[in-house]
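Below is one structure, written out as structure tokens; the observations come after it.
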Amino acid sequence: MTPPSSLPHLLPGLLGRLRSLESECGDAVLASLLELMQDWAETGILPEWEGQPLDAERLRDLLSTRLMECFRLTGSAMAFGLLYELNRRIFLAAISSRLRKFYFALDPQDVLQEVFFNIYRYPHKFQADKEKAFRYWASMIVRNTVYKSTRDKDRQLSHEQEDEEIDARPDQGHRCNPLGHAIHRESQRFCDTAYSLYLQLYISAYEQLSARERQALHIVEVEGRPYKDAVQELGVRLENLKMVIFRARKKIMRSLAHAMSSVDSWRPEMVARSSLGRRSESQRFGPSRNARAEAGLNLPPASSQG
């Protein structure tokens with residue numbers, strides 16, 4: 001929009017188009033403003049509006065509010081064009097000021113076009129109940145449009161940075177040696193086995209629940225249905241259903257925690273050492289008495305062994 005000090009110089013150019021628009025819209029307030037503007041253009045003396053001086057800034061607010069109201073009621077292209085001429089520079093200055101706070105560059109002209117596009121799309125949301133109605137309403141649109149534009153730009157830059165990091169990352173798949181492949185396959189098999197065992201533990205804990213608890217969990221967690229469906233099928237109140245599901249989950253978690261605690265206390269190296277010790281003893285002293293007995297050997301009495 002033009003600065004307030006230069007607004008009187010535009011009065012002669014505005015008056016003709018405003019007269020045409022007033023005859024098209026039939027706005028009584030706009031007609032009164034036209035008379036005051038005509039006197040201002042002829043005499044150069046500030047007129048009064050409702051007992052207060054009508055300076056350039058107040059005249060801009062009144063004109064913008066009436067033009068927006070005319071556009072809302074009639075969809076007049078002339079009204080929208082005058083709105084753009086009156087407010088373009090001020091909107092652009094406000095957008096540029098807001099964009100300076102961000103580290104990336106956005107074209108203020110692009111944001112300005114988006115602002116007027118939103119004004120054009122949502123005239124039904126405008127209410128001309130105050131002199132500065134358009135100023136307040138348009139300021140909100142400017143703020144929201146700047147926020148959306150900067151958010152989209154920041155998201156775009158984040159995706160570009162992630163793509164660059166992925167592209168710059170070396171391809172480890174082709175550089176992996178046979179030992180690395182073997183370790184990867186072994187780890188994958190171990191994870192699959194551990195996951196299967198954990199699922200078996202979960203199933204075992206699930207089977208220990210009551211029939212109502214199993215049915216409630218199946219409806220909510222397996223089928224993914226809302227609580228109201230479970231309430232209807234089980235015939236309980238919502239509060240009772242939540243308590244049933246809560247207790248069922250606690251029972252499962254307690255059972256899994258108990259099972260995992262016993263797993264944590266298990267040490268494979270202890271089993272390996274025990275097996276190794278038994279093999280060493282067997283190799284040193286020969287087969288045990290029980291093994292020889294099972295093989296059908298005649299064993300001397302225990303007292304005769306020395």
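Within each chain, counting starts at residue 1; across the structure tokens, chains are named A, B, ... in the order shown, with ligands numbered 1 upward in that order.
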Next item on the list: From a DSSP pass on the backbone, collect the residues of region 19-102 of chain A flagged as strand (DSSP E or B) and hand them back as JSON, numbers by chain.
Entry: {"A": [48, 49, 52, 53]}
Note to self: Report as a PyMOL selection string all protein, DNA and RNA residues lying within 12 Å of region 245-252 of chain A, evaluated on only C-alpha atoms, omitting residues in the same chain fewer than 5 positions from it.
What the structure shows: chain A and resi 198-199+201-221+227+230-231+238-240+257-259
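Checking A:Leu15, A:Thr193, A:Pro226, A:Val111 one by one against Lys148 (chain A), counting only C-alpha atoms, you find the shortest gap at A:Val111.
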Next item on the list: Identify, on the basis of only C-alpha atoms, every residue whose closest approach to region 17-28 of chain A does not exceed 7 Å; exclude the query and any residue fewer than 4 positions from it along the same chain; express the result as an NGL selection string.
Entry: :A and (32 or 70 or 78-79)
